[in-house]
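> Contents of model.cif (mmCIF, C-alpha atoms):
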data_query
#
loop_
_atom_site.label_atom_id
_atom_site.label_comp_id
_atom_site.auth_asym_id
_atom_site.auth_seq_id
_atom_site.Cartn_x
_atom_site.Cartn_y
_atom_site.Cartn_z
CA PRO W 30 -40.38 -0.25 -62.64
CA VAL W 31 -40.75 -3.52 -64.47
CA GLY W 32 -43.42 -5.18 -62.36
CA VAL W 33 -42.69 -8.74 -61.35
CA ALA W 34 -40.80 -9.64 -64.56
CA ARG W 35 -37.68 -11.71 -64.15
CA MET W 36 -36.11 -10.49 -67.45
CA VAL W 37 -36.01 -7.15 -69.21
CA ARG W 38 -34.83 -6.40 -72.74
CA TYR W 39 -32.85 -3.18 -72.72
CA PRO W 40 -32.35 -1.40 -76.06
CA ALA W 41 -28.70 -1.62 -77.02
CA ALA W 42 -28.99 1.70 -78.82
CA GLU W 43 -29.45 3.40 -75.47
CA LEU W 44 -26.05 2.18 -74.31
CA THR W 45 -23.09 4.42 -74.91
CA ALA W 46 -21.20 3.29 -78.02
CA GLY W 47 -17.76 2.13 -77.01
CA GLY W 48 -18.66 2.71 -73.35
CA SER W 49 -19.05 0.42 -70.36
CA THR W 50 -22.35 -0.27 -68.58
CA ARG W 51 -23.34 -2.22 -65.45
CA PHE W 52 -26.80 -3.09 -64.15
CA LYS W 53 -28.37 -3.71 -60.73
CA VAL W 54 -31.87 -4.77 -59.69
CA ARG W 55 -33.94 -3.28 -56.81
CA ALA W 56 -36.67 -5.53 -55.39
CA CYS W 57 -39.49 -4.04 -53.26
CA ASP W 58 -42.34 -5.69 -51.36
CA THR W 59 -45.94 -4.48 -51.06
CA ILE W 60 -45.27 -2.28 -48.03
CA GLY W 61 -42.33 -0.48 -49.71
CA GLN W 62 -39.40 -2.26 -48.21
CA CYS W 63 -36.61 -2.63 -50.85
CA VAL W 64 -33.25 -4.28 -51.28
CA ASP W 65 -30.64 -3.76 -54.07
CA SER W 66 -28.75 -6.50 -55.85
CA ALA W 67 -25.03 -6.39 -56.53
CA TRP W 68 -23.83 -4.78 -59.72
CA SER W 69 -23.72 -6.95 -62.83
CA ALA W 70 -20.60 -7.61 -64.79
CA VAL W 71 -19.46 -4.80 -67.06
CA LEU W 72 -21.15 -4.75 -70.45
CA HIS W 73 -19.38 -3.07 -73.37
CA ARG W 74 -21.31 -1.85 -76.38
CA ILE W 75 -18.98 -2.64 -79.36
CA VAL W 76 -19.84 -1.08 -82.67
CA ASP W 77 -16.48 -1.34 -84.45
CA LYS W 78 -14.83 -4.22 -86.25
CA PRO W 79 -11.39 -5.32 -85.05
CA ASP W 80 -8.62 -2.92 -85.98
CA GLY W 81 -5.89 -3.92 -88.41
CA ASP W 82 -5.45 -3.90 -92.17
CA GLU W 83 -2.08 -5.49 -92.90
CA VAL W 84 -1.50 -9.15 -93.74
CA ARG W 85 2.13 -9.76 -94.63
CA ASN W 86 3.57 -12.62 -96.68
CA VAL W 87 6.57 -14.36 -95.16
CA THR W 88 7.80 -17.05 -97.56
CA HIS W 89 9.67 -20.04 -96.24
CA VAL W 90 12.23 -20.33 -99.01
CA HIS W 91 13.58 -23.67 -100.22
CA PRO W 92 17.30 -23.90 -99.32
CA ALA W 93 18.35 -24.18 -102.98
CA THR W 94 16.66 -20.99 -104.11
CA ALA W 95 16.48 -17.34 -103.17
CA ALA W 96 13.18 -16.06 -104.47
CA SER W 97 12.28 -12.41 -104.88
CA PRO W 98 9.37 -11.04 -102.84
CA GLY W 99 6.12 -12.22 -104.36
CA PHE W 100 7.49 -15.54 -105.66
CA ILE W 101 7.91 -19.01 -104.18
CA THR W 102 8.95 -22.40 -105.57
CA GLN W 103 7.75 -25.95 -105.14
CA GLY W 104 8.75 -27.29 -101.76
CA SER W 105 8.48 -23.86 -100.17
CA GLY W 106 6.00 -23.07 -97.44
CA LEU W 107 3.92 -19.90 -97.44
CA ALA W 108 3.43 -18.09 -94.13
CA VAL W 109 1.49 -14.93 -93.33
CA GLN W 110 1.56 -12.62 -90.34
CA TRP W 111 -0.92 -10.03 -89.12
CA PRO W 112 0.60 -8.32 -86.08
CA SER W 113 -1.52 -5.16 -86.31
CA PHE W 114 -4.96 -6.70 -85.60
CA SER W 115 -6.45 -5.69 -82.26
CA SER W 116 -9.69 -4.95 -80.41
CA LEU W 117 -10.36 -2.67 -77.45
CA PHE W 118 -12.57 -5.19 -75.67
CA GLY W 119 -12.25 -8.92 -75.37
CA PRO W 120 -10.28 -11.45 -77.36
CA ILE W 121 -10.16 -11.85 -81.15
CA THR W 122 -10.38 -15.17 -82.95
CA PHE W 123 -8.80 -15.69 -86.36
CA ASP W 124 -9.57 -17.82 -89.40
CA VAL W 125 -7.57 -18.07 -92.60
CA CYS W 126 -8.25 -19.21 -96.16
CA VAL W 127 -6.23 -19.53 -99.37
CA GLY W 128 -7.40 -18.54 -102.83
CA THR W 129 -6.21 -17.61 -106.29
CA THR W 130 -7.98 -14.25 -105.96
CA PRO W 131 -8.03 -11.90 -102.97
CA LEU W 132 -10.67 -13.15 -100.47
CA GLY W 133 -11.55 -15.94 -102.92
CA CYS W 134 -10.76 -18.97 -100.73
CA GLN W 135 -10.81 -21.27 -103.81
CA VAL W 136 -7.97 -23.49 -102.56
CA GLN W 137 -8.79 -23.75 -98.87
CA ARG W 138 -11.88 -22.46 -97.07
CA PHE W 139 -11.64 -20.58 -93.80
CA VAL W 140 -10.18 -22.65 -90.98
CA PRO W 141 -9.26 -21.53 -87.46
CA SER W 142 -5.71 -20.30 -87.16
CA PRO W 143 -3.51 -22.06 -84.64
CA SER W 144 -2.00 -18.70 -83.69
CA ASP W 145 -3.15 -15.12 -83.45
CA HIS W 146 -0.01 -13.88 -85.20
CA SER W 147 0.88 -16.24 -88.06
CA TRP W 148 -0.19 -19.15 -90.21
CA ASN W 149 1.66 -21.55 -92.52
CA SER W 150 0.70 -23.68 -95.51
CA SER W 151 2.86 -25.91 -97.73
CA THR W 152 0.10 -27.31 -99.95
CA LEU W 153 -0.35 -25.10 -103.02
CA PRO W 154 -1.60 -27.09 -106.00
CA TYR W 155 -1.18 -25.02 -109.19
CA CYS W 156 2.14 -23.99 -110.73
CA GLY W 157 2.06 -20.52 -112.22
CA ALA W 158 -0.92 -19.42 -110.11
CA THR W 159 -0.89 -16.44 -107.79
CA TYR W 160 -2.07 -17.18 -104.25
CA TYR W 161 -3.60 -14.94 -101.59
CA VAL W 162 -4.17 -15.65 -97.91
CA ALA W 163 -7.21 -13.99 -96.31
CA VAL W 164 -7.39 -13.46 -92.55
CA ARG W 165 -10.79 -13.09 -90.87
CA ALA W 166 -10.68 -11.50 -87.42
CA THR W 167 -13.78 -11.80 -85.20
CA ASN W 168 -14.18 -9.88 -81.93
CA CYS W 169 -16.30 -10.86 -78.94
CA ALA W 170 -19.31 -9.04 -80.39
CA GLY W 171 -19.19 -11.15 -83.54
CA LEU W 172 -18.06 -8.23 -85.70
CA GLN W 173 -15.55 -9.23 -88.33
CA ARG W 174 -12.77 -7.74 -90.45
CA VAL W 175 -11.40 -9.65 -93.44
CA GLU W 176 -8.11 -8.66 -95.10
CA ALA W 177 -6.05 -10.38 -97.82
CA SER W 178 -2.31 -10.67 -98.17
CA PRO W 179 -0.42 -9.56 -101.29
CA GLY W 180 -0.34 -12.19 -104.04
CA VAL W 181 2.48 -14.73 -104.24
CA MET W 182 3.18 -16.66 -107.46
CA LEU W 183 4.11 -20.35 -107.28
CA CYS W 184 6.87 -21.06 -109.80
CA CYS W 185 7.93 -24.53 -110.89
CA ASP W 186 10.04 -24.00 -114.04
CA ALA W 187 13.42 -22.37 -114.57
CA PRO W 188 13.96 -20.06 -117.57
CA LEU W 189 14.54 -21.71 -120.94
CA ALA W 190 18.25 -21.93 -121.73
CA GLY W 191 19.53 -19.54 -124.37
CA VAL W 192 22.81 -19.31 -126.28
CA LEU W 193 26.15 -18.01 -124.99
CA SER W 194 28.72 -16.84 -127.55
CA LEU W 195 32.27 -15.61 -127.09
CA TRP W 196 33.75 -13.04 -129.47
CA GLY W 197 37.23 -11.61 -129.67
CA HIS W 198 38.61 -8.38 -131.06
CA GLY W 199 41.38 -9.15 -133.52
CA ASN W 200 42.54 -12.69 -134.15
CA LEU W 201 39.55 -14.84 -133.24
CA THR W 202 37.18 -17.20 -134.98
CA VAL W 203 34.14 -19.01 -133.69
CA SER W 204 33.46 -22.65 -134.52
CA GLY W 205 30.17 -23.89 -133.11
CA LYS W 206 30.47 -23.88 -129.35
CA GLU W 207 34.27 -23.84 -129.43
CA THR W 208 35.99 -20.48 -129.48
CA TYR W 209 39.73 -20.31 -130.09
CA VAL W 210 42.02 -17.53 -128.97
CA SER W 211 45.76 -16.91 -129.17
CA ASN W 212 48.34 -14.89 -127.25
CA SER W 213 47.57 -11.93 -129.49
CA THR W 214 43.95 -11.79 -128.31
CA THR W 215 43.62 -8.81 -126.01
CA GLN W 216 39.88 -8.63 -125.44
CA LEU W 217 37.02 -11.08 -125.22
CA THR W 218 33.32 -10.31 -125.33
CA ALA W 219 30.55 -12.62 -124.15
CA THR W 220 27.10 -12.17 -125.68
CA TRP W 221 23.92 -14.07 -124.90
CA SER W 222 20.32 -14.29 -126.01
CA GLY W 223 17.27 -16.53 -125.87
CA PHE W 224 16.87 -16.87 -122.09
CA VAL W 225 13.11 -16.59 -121.70
CA GLY W 226 10.25 -17.85 -119.59
CA GLY W 227 10.48 -18.88 -116.02
CA CYS W 228 8.15 -17.43 -113.44
CA GLY W 229 8.18 -13.66 -113.76
CA GLY W 230 11.06 -13.71 -116.25
CA VAL W 231 14.81 -13.51 -115.75
CA ARG W 232 15.91 -11.56 -112.68
CA GLU W 233 19.70 -11.68 -113.07
CA TYR W 234 22.66 -13.25 -114.86
CA GLU W 235 26.10 -14.35 -113.71
CA LEU W 236 29.02 -15.19 -116.00
CA THR W 237 31.86 -17.39 -114.74
CA LEU W 238 34.99 -18.89 -116.25
CA HIS W 239 36.39 -22.28 -115.18
CA ALA W 240 39.41 -24.36 -116.09
CA ALA W 241 38.22 -27.41 -118.03
CA SER W 242 40.92 -29.57 -116.44
CA ASP W 243 39.73 -29.40 -112.84
CA GLY W 244 36.69 -27.12 -112.87
CA ALA W 245 38.43 -24.44 -110.78
CA GLN W 246 36.67 -21.09 -111.06
CA LEU W 247 39.02 -18.45 -112.43
CA TRP W 248 36.72 -15.46 -112.71
CA SER W 249 33.17 -14.29 -112.00
CA SER W 250 31.29 -11.28 -113.27
CA GLY W 251 29.14 -11.01 -110.16
CA LEU W 252 25.40 -10.47 -110.59
CA LEU W 253 24.33 -8.76 -113.83
CA GLY W 254 21.01 -7.09 -114.58
CA ALA W 255 18.23 -8.82 -116.49
CA ASP W 256 18.52 -6.34 -119.37
CA GLN W 257 22.24 -6.95 -119.94
CA THR W 258 23.12 -9.01 -123.02
CA SER W 259 26.91 -8.70 -123.30
CA LEU W 260 30.03 -8.25 -121.19
CA GLU W 261 33.71 -7.57 -121.80
CA MET W 262 35.79 -10.25 -120.07
CA PRO W 263 39.36 -10.00 -118.78
CA TRP W 264 41.52 -12.39 -120.67
CA VAL W 265 44.84 -13.84 -121.63
CA GLU W 266 47.39 -12.39 -119.23
CA SER W 267 45.41 -13.05 -116.07
CA LEU W 268 44.46 -16.58 -117.11
CA ARG W 269 47.98 -17.58 -118.09
CA ALA W 270 49.25 -16.30 -114.78
CA LEU W 271 46.66 -18.36 -112.91
CA LEU W 272 47.30 -21.57 -114.80
CA GLY W 273 51.01 -21.20 -115.45
CA GLN W 274 50.69 -22.30 -119.06
CA ASP W 275 50.07 -20.89 -122.51
CA ASP W 276 47.64 -23.46 -123.83
CA GLY W 277 44.51 -24.68 -122.12
CA GLU W 278 40.78 -25.20 -122.31
CA TYR W 279 38.24 -23.16 -120.37
CA THR W 280 34.48 -23.21 -119.93
CA ALA W 281 32.45 -20.02 -119.81
CA THR W 282 29.12 -20.53 -118.03
CA LEU W 283 26.22 -18.10 -118.00
CA ARG W 284 23.64 -18.67 -115.26
CA ALA W 285 20.20 -17.10 -115.72
CA THR W 286 18.08 -16.90 -112.56
CA SER W 287 14.35 -16.18 -112.45
CA HIS W 288 12.52 -14.12 -109.85
CA ALA W 289 11.63 -17.40 -108.16
CA GLY W 290 15.32 -18.20 -107.70
CA LEU W 291 15.29 -21.02 -110.28
CA SER W 292 18.30 -21.12 -112.63
CA THR W 293 19.40 -22.49 -115.98
CA THR W 294 22.82 -22.34 -117.63
CA ALA W 295 24.47 -22.18 -121.04
CA GLU W 296 28.13 -22.92 -121.72
CA ALA W 297 30.73 -22.08 -124.32
CA LYS W 298 34.13 -23.72 -124.67
CA LEU W 299 37.20 -21.53 -124.88
CA VAL W 300 40.52 -22.90 -126.18
CA LEU W 301 43.76 -20.97 -125.75
CA ASP W 302 46.15 -21.97 -128.58
CA ALA W 303 49.52 -20.20 -128.58
CA ILE W 304 51.24 -22.44 -131.16
CA PRO W 305 51.06 -21.40 -134.85
CA PRO W 306 50.54 -23.90 -137.68
CA SER W 307 53.50 -25.77 -139.16
CA LEU W 308 54.46 -25.37 -142.82
CA ALA W 309 57.43 -27.37 -144.20
CA ARG W 310 58.00 -26.12 -147.78
CA VAL W 311 56.50 -23.79 -150.39
CA PHE W 312 57.29 -24.55 -154.04
CA SER W 313 57.09 -22.74 -157.38
CA GLY W 314 56.40 -25.97 -159.25
CA GLU W 315 54.80 -29.35 -158.72
CA GLN W 316 56.29 -30.37 -155.35
CA GLY W 317 59.55 -28.77 -156.26
CA ASP W 318 61.10 -25.42 -157.18
CA VAL W 319 61.51 -24.33 -160.79
CA ALA W 320 64.72 -22.40 -161.36
CA CYS W 321 63.49 -20.78 -164.56
CA ARG W 322 60.21 -20.54 -166.37
CA ARG W 323 59.32 -19.40 -169.86
CA ALA W 324 57.75 -15.95 -169.85
CA GLY W 325 53.98 -15.89 -170.32
CA LEU W 326 53.23 -19.08 -168.40
CA PRO W 327 51.00 -18.97 -165.30
CA ALA W 328 52.59 -18.99 -161.86
CA THR W 329 52.30 -22.36 -160.09
CA LEU W 330 52.06 -23.10 -156.34
CA THR W 331 52.37 -26.31 -154.30
CA TRP W 332 53.40 -26.92 -150.68
CA SER W 333 54.08 -29.66 -148.14
CA GLY W 334 53.94 -30.25 -144.39
CA LEU W 335 50.95 -28.03 -143.58
CA ALA W 336 49.30 -28.91 -140.24
CA ASP W 337 47.94 -27.49 -136.99
CA ALA W 338 47.47 -29.80 -134.02
CA GLY W 339 45.77 -27.16 -131.86
CA SER W 340 42.78 -25.24 -133.10
CA GLY W 341 43.06 -26.36 -136.74
CA ILE W 342 43.71 -24.56 -140.02
CA ALA W 343 41.32 -21.66 -140.64
CA SER W 344 42.71 -20.08 -143.84
CA VAL W 345 45.53 -20.23 -146.39
CA GLU W 346 46.43 -17.12 -148.42
CA TRP W 347 48.77 -16.91 -151.43
CA ALA W 348 50.84 -13.94 -152.53
CA ILE W 349 53.56 -13.45 -155.17
CA GLY W 350 56.31 -10.90 -154.79
CA SER W 351 59.61 -9.81 -156.16
CA ALA W 352 61.30 -10.72 -152.88
CA PRO W 353 60.78 -13.42 -150.22
CA LEU W 354 57.54 -12.79 -148.25
CA ALA W 355 56.65 -9.86 -150.55
CA SER W 356 53.26 -9.39 -152.20
CA ASP W 357 53.93 -6.66 -154.76
CA VAL W 358 53.15 -8.86 -157.80
CA LYS W 359 50.03 -10.56 -156.41
CA PRO W 360 48.50 -9.45 -153.08
CA PHE W 361 47.51 -12.06 -150.51
CA GLY W 362 44.26 -13.79 -151.40
CA PRO W 363 42.48 -16.86 -149.99
CA ILE W 364 42.82 -20.24 -151.69
CA SER W 365 40.90 -23.45 -151.09
CA ILE W 366 42.44 -26.06 -148.86
CA GLU W 367 39.99 -28.79 -149.77
CA ASP W 368 42.69 -30.33 -152.01
CA ALA W 369 46.09 -31.39 -150.73
CA GLY W 370 49.11 -29.12 -151.09
CA SER W 371 50.49 -31.39 -153.79
CA VAL W 372 47.66 -30.33 -156.12
CA PRO W 373 49.01 -27.39 -158.19
CA ARG W 374 47.33 -23.99 -157.94
CA THR W 375 47.96 -21.56 -160.79
CA TRP W 376 47.63 -17.82 -161.30
CA GLY W 377 47.46 -16.46 -164.82
CA GLY W 378 48.58 -13.02 -163.74
CA GLY W 379 52.08 -14.35 -163.35
CA SER W 380 52.55 -13.91 -167.09
CA VAL W 381 52.66 -10.12 -166.66
CA SER W 382 55.83 -10.18 -164.55
CA PRO W 383 58.83 -8.82 -166.55
CA ALA W 384 61.24 -11.23 -168.11
CA MET W 385 64.51 -11.91 -166.31
CA HIS W 386 62.89 -11.12 -162.92
CA THR W 387 62.73 -13.55 -159.97
CA ILE W 388 59.38 -14.04 -158.27
CA TYR W 389 58.57 -15.80 -155.00
CA ASN W 390 55.44 -17.66 -153.83
CA THR W 391 54.48 -16.83 -150.24
CA LEU W 392 51.84 -18.55 -148.11
CA ARG W 393 50.24 -17.07 -145.02
CA VAL W 394 48.56 -19.83 -142.96
CA SER W 395 46.32 -18.98 -139.99
CA ASP W 396 44.71 -21.26 -137.45
CA ARG W 397 41.36 -20.76 -135.72
CA ALA W 398 43.03 -19.04 -132.80
CA GLY W 399 44.52 -16.40 -135.08
CA ASN W 400 48.10 -17.65 -134.99
CA SER W 401 49.86 -17.31 -138.36
CA VAL W 402 52.93 -18.69 -140.08
CA PHE W 403 54.58 -17.59 -143.34
CA GLY W 404 56.44 -19.72 -145.88
CA THR W 405 58.09 -18.66 -149.14
CA SER W 406 59.55 -20.47 -152.13
CA SER W 407 63.19 -20.27 -153.16
CA GLY W 408 62.34 -18.10 -156.18
#
Kindly return the structure encoded in the file as structure tokens.


Amino acid sequence: PVGVARMVRYPAAELTAGGSTRFKVRACDTIGQCVDSAWSAVLHRIVDKPDGDEVRNVTHVHPATAASPGFITQGSGLAVQWPSFSSLFGPITFDVCVGTTPLGCQVQRFVPSPSDHSWNSSTLPYCGATYYVAVRATNCAGLQRVEASPGVMLCCDAPLAGVLSLWGHGNLTVSGKETYVSNSTTQLTATWSGFVGGCGGVREYELTLHAASDGAQLWSSGLLGADQTSLEMPWVESLRALLGQDDGEYTATLRATSHAGLSTTAEAKLVLDAIPPSLARVFSGEQGDVACRRAGLPATLTWSGLADAGSGIASVEWAIGSAPLASDVKPFGPISIEDAGSVPRTWGGGSVSPAMHTIYNTLRVSDRAGNSVFGTSSG
């Protein structure tokens, strides 16, 4: 009995938690005649927050990049999904916020979500910051659950470009960014260093080789791991077969890609030179041969017609022997080519050769590609 009151406060604690309750009212007059009302609508006592604990990042990737999970680039949108949120009774409303810490909401305060499954933002202000999206689910009883997504880093800069070098085994020299090789080169190694920075560091490398004439790609390494710093490359035979020629210029390109999908490149020029240097004459005197020489005098060397139109002269070596091209009197040793071939070079050891013996000057000339040519005097 509640007397003649028109409203009664019923303790919620007396309702079954998670259960359903309905009410009716019985009205009686002074002589005991009563009538019952219809049942009220069902009332649920809700004591639990909405279920669900997963907020997933779904990045809308810029067409030019392919970011790893947890990274996005400028121009990309950031979307989140929360398909697991639910409540046993009544609808759930959702609000989302964006922050640089989980549940921080420093960038955007909570706003109603246009959908109960996903949300999208393309306005993230700070490069290099990690962003979190928090989802607040509210059930019909006003109870709330707040969960944050994993962090996603906004990346704006590609890795800093490093240095790519090409090294051969055998006849090969390196001159700045130009590397020269010859037909005798059987192996080529690419090495690289100095690729640093970028959001999250370098994720992968790719090495490619192109013809300098038309840019056609001749070879690709495929994707290489971030910890790799060198690679053996296939070389001369396959490239000559592709191009149908012995000489040619090629460009090796190393692409370093960050976890955000941003890339930078370094290049090295490769020149295939199959033509050895030219050497016209080698003399035993000043621009001419000496038929006989007094014993005890130094040996003298001059030459003419030395040139290399391809990769350029790398070294000139002089030997003296008792026969053409021999080096039994003086082994091959380097000589300076700063002066012209008409400037005499002398070797005092020539005085030890026995009298009445013929000796021969021999030059070995090599270009930067490792091609060599020999020339000898008439004795």

> Written as a JSON list (two decimals) with C-alpha atoms, keeping the file's coordinate frame, which residues does the PyMOL selection byres ((chain W and resi 406) around 10) give for the file shown?


[["chain", "number", "residue", "atom", "x", "y", "z"],
["W", 310, "ARG", "CA", 58.00, -26.12, -147.78],
["W", 311, "VAL", "CA", 56.50, -23.79, -150.39],
["W", 312, "PHE", "CA", 57.29, -24.55, -154.04],
["W", 313, "SER", "CA", 57.09, -22.74, -157.38],
["W", 314, "GLY", "CA", 56.40, -25.97, -159.25],
["W", 317, "GLY", "CA", 59.55, -28.77, -156.26],
["W", 318, "ASP", "CA", 61.10, -25.42, -157.18],
["W", 319, "VAL", "CA", 61.51, -24.33, -160.79],
["W", 330, "LEU", "CA", 52.06, -23.10, -156.34],
["W", 331, "THR", "CA", 52.37, -26.31, -154.30],
["W", 332, "TRP", "CA", 53.40, -26.92, -150.68],
["W", 349, "ILE", "CA", 53.56, -13.45, -155.17],
["W", 352, "ALA", "CA", 61.30, -10.72, -152.88],
["W", 353, "PRO", "CA", 60.78, -13.42, -150.22],
["W", 354, "LEU", "CA", 57.54, -12.79, -148.25],
["W", 388, "ILE", "CA", 59.38, -14.04, -158.27],
["W", 389, "TYR", "CA", 58.57, -15.80, -155.00],
["W", 390, "ASN", "CA", 55.44, -17.66, -153.83],
["W", 391, "THR", "CA", 54.48, -16.83, -150.24],
["W", 392, "LEU", "CA", 51.84, -18.55, -148.11],
["W", 404, "GLY", "CA", 56.44, -19.72, -145.88],
["W", 405, "THR", "CA", 58.09, -18.66, -149.14],
["W", 407, "SER", "CA", 63.19, -20.27, -153.16],
["W", 408, "GLY", "CA", 62.34, -18.10, -156.18]]

> In Å to one decimal, how far is CA of Asp124 in chain W from CA of Phe139 in chain W?

5.6 Å

> Find the residue from W:Thr208, W:Ser401, W:Ser292, W:Ser115 that sits nearest to Ala187 in chain W; use all atoms listed in the file when measuring.

W:Ser292

> Between CA of Val140 in chain W and CA of Cys185 in chain W, what is the distance in Å, rounded to a tenth?

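Atom-to-atom, CA of Val140 in chain W to CA of Cys185 in chain W, that is 27.0 Å.
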
> Could you tell me how far CA of Gln316 in chain W lies from CA of Ser333 in chain W, in Å and to one decimal?

7.6 Å

> Could you pull the residues within 8 Å of Phe100 in chain W, counting all atoms listed in the file, minus those fewer than 2 positions along the same chain, as a list in words?

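My reading of the contact set: Ala96, Ser97, Pro98, Thr102, Val181, Met182, Leu183, Cys184, His288 and Ala289 of chain W.
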
> Tell me which of W:Pro141, W:Gly230, W:Gly277, W:Gly61 sits closest to Ala255 in chain W, counting only C-alpha atoms.

W:Gly230

> Box in all listed atoms of range 60-79 of chain W, axis-aligned, with 8 Å more on each side; write out centre and edge lengths in Å to one decimal as lines of an AutoDock Vina configuration file.


center_x = -28.3
center_y = -4.0
center_z = -67.1
size_x = 49.9
size_y = 23.1
size_z = 54.2

> Kindly indicate which residue among W:Cys126, W:Ala285, W:Val31, W:Cys156 lies nearest to Ser222 in chain W, using only C-alpha atoms for the distances.

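Among the listed residues, the smallest separation from Ser222 in chain W belongs to W:Ala285.
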
> Here's the selection I'm unsure about, the PyMOL selection byres ((chain W and resi 113) around 12); applied to the file above, which residues does it give, as a PyMOL selection string?

chain W and resi 79-85+110-112+114-116+145-147+164+166+176

> Name the residues in contact with Pro154 in chain W at a cut-off of 12 Å, using only C-alpha atoms, excluding same-chain residues fewer than 2 positions from it; report them as a ChimeraX atom specification.

/W:102-104,127-129,135-137,150-152,156-160,182-185

> Around the point (52.5, -17.9, -135.5) (coordinates from the file), which residues reach within 9 Å if we count only C-alpha atoms? Answer as a ChimeraX atom specification.

/W:303-307,394-396,399-403

> What do you get, as a PyMOL selection string, if you spell out every residue that the PyMOL selection byres ((chain W and resi 279-281) around 9) selects here?

chain W and resi 193+195+219+236-242+244+277-278+282-283+295-301

> Take the residues from that selection and write them out as a compact mmCIF listing (two decimals), in the frame of the given file, keeping C-alpha atoms.


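File written: result_14.txt
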# COMPACT_ATOMS: atom_id res chain seq x y z
CA LEU W 193 26.15 -18.01 -124.99
CA LEU W 195 32.27 -15.61 -127.09
CA ALA W 219 30.55 -12.62 -124.15
CA LEU W 236 29.02 -15.19 -116.00
CA THR W 237 31.86 -17.39 -114.74
CA LEU W 238 34.99 -18.89 -116.25
CA HIS W 239 36.39 -22.28 -115.18
CA ALA W 240 39.41 -24.36 -116.09
CA ALA W 241 38.22 -27.41 -118.03
CA SER W 242 40.92 -29.57 -116.44
CA GLY W 244 36.69 -27.12 -112.87
CA GLY W 277 44.51 -24.68 -122.12
CA GLU W 278 40.78 -25.20 -122.31
CA THR W 282 29.12 -20.53 -118.03
CA LEU W 283 26.22 -18.10 -118.00
CA ALA W 295 24.47 -22.18 -121.04
CA GLU W 296 28.13 -22.92 -121.72
CA ALA W 297 30.73 -22.08 -124.32
CA LYS W 298 34.13 -23.72 -124.67
CA LEU W 299 37.20 -21.53 -124.88
CA VAL W 300 40.52 -22.90 -126.18
CA LEU W 301 43.76 -20.97 -125.75

> From (-17.8, -11.9, -83.5), in the file's coordinates, out to 12 Å: which residues are reached, counting all atoms listed in the file? Answer as a VMD selection string.

chain W and resid 75 to 79 116 118 to 124 165 to 174

> Need the shell around Trp347 in chain W: protein/DNA/RNA residues with any atom at most 7 Å away, counting only C-alpha atoms. Skip same-chain ones fewer than 3 positions apart. Format as a VMD selection string?

chain W and resid 361 to 364 391 to 393

> Output C-alpha atoms for every residue in that selection, as a PDB file, in the coordinates of the input.


ATOM      1  CA  PHE W 361      47.510 -12.060-150.510  1.00  0.00           C
ATOM      2  CA  GLY W 362      44.260 -13.790-151.400  1.00  0.00           C
ATOM      3  CA  PRO W 363      42.480 -16.860-149.990  1.00  0.00           C
ATOM      4  CA  ILE W 364      42.820 -20.240-151.690  1.00  0.00           C
ATOM      5  CA  THR W 391      54.480 -16.830-150.240  1.00  0.00           C
ATOM      6  CA  LEU W 392      51.840 -18.550-148.110  1.00  0.00           C
ATOM      7  CA  ARG W 393      50.240 -17.070-145.020  1.00  0.00           C
TER       8      ARG W 393
END

> Tell me, as a PyMOL selection string, which residues lie within 8 Å of range 366-368 of chain W, counting only C-alpha atoms; anything in the same chain fewer than 2 positions away does not count.

chain W and resi 344-345+364+370+372

> Just write the chosen residues, C-alpha atoms, as a JSON list (two decimals), keeping the file's coordinate frame.


[["chain", "number", "residue", "atom", "x", "y", "z"],
["W", 344, "SER", "CA", 42.71, -20.08, -143.84],
["W", 345, "VAL", "CA", 45.53, -20.23, -146.39],
["W", 364, "ILE", "CA", 42.82, -20.24, -151.69],
["W", 370, "GLY", "CA", 49.11, -29.12, -151.09],
["W", 372, "VAL", "CA", 47.66, -30.33, -156.12]]
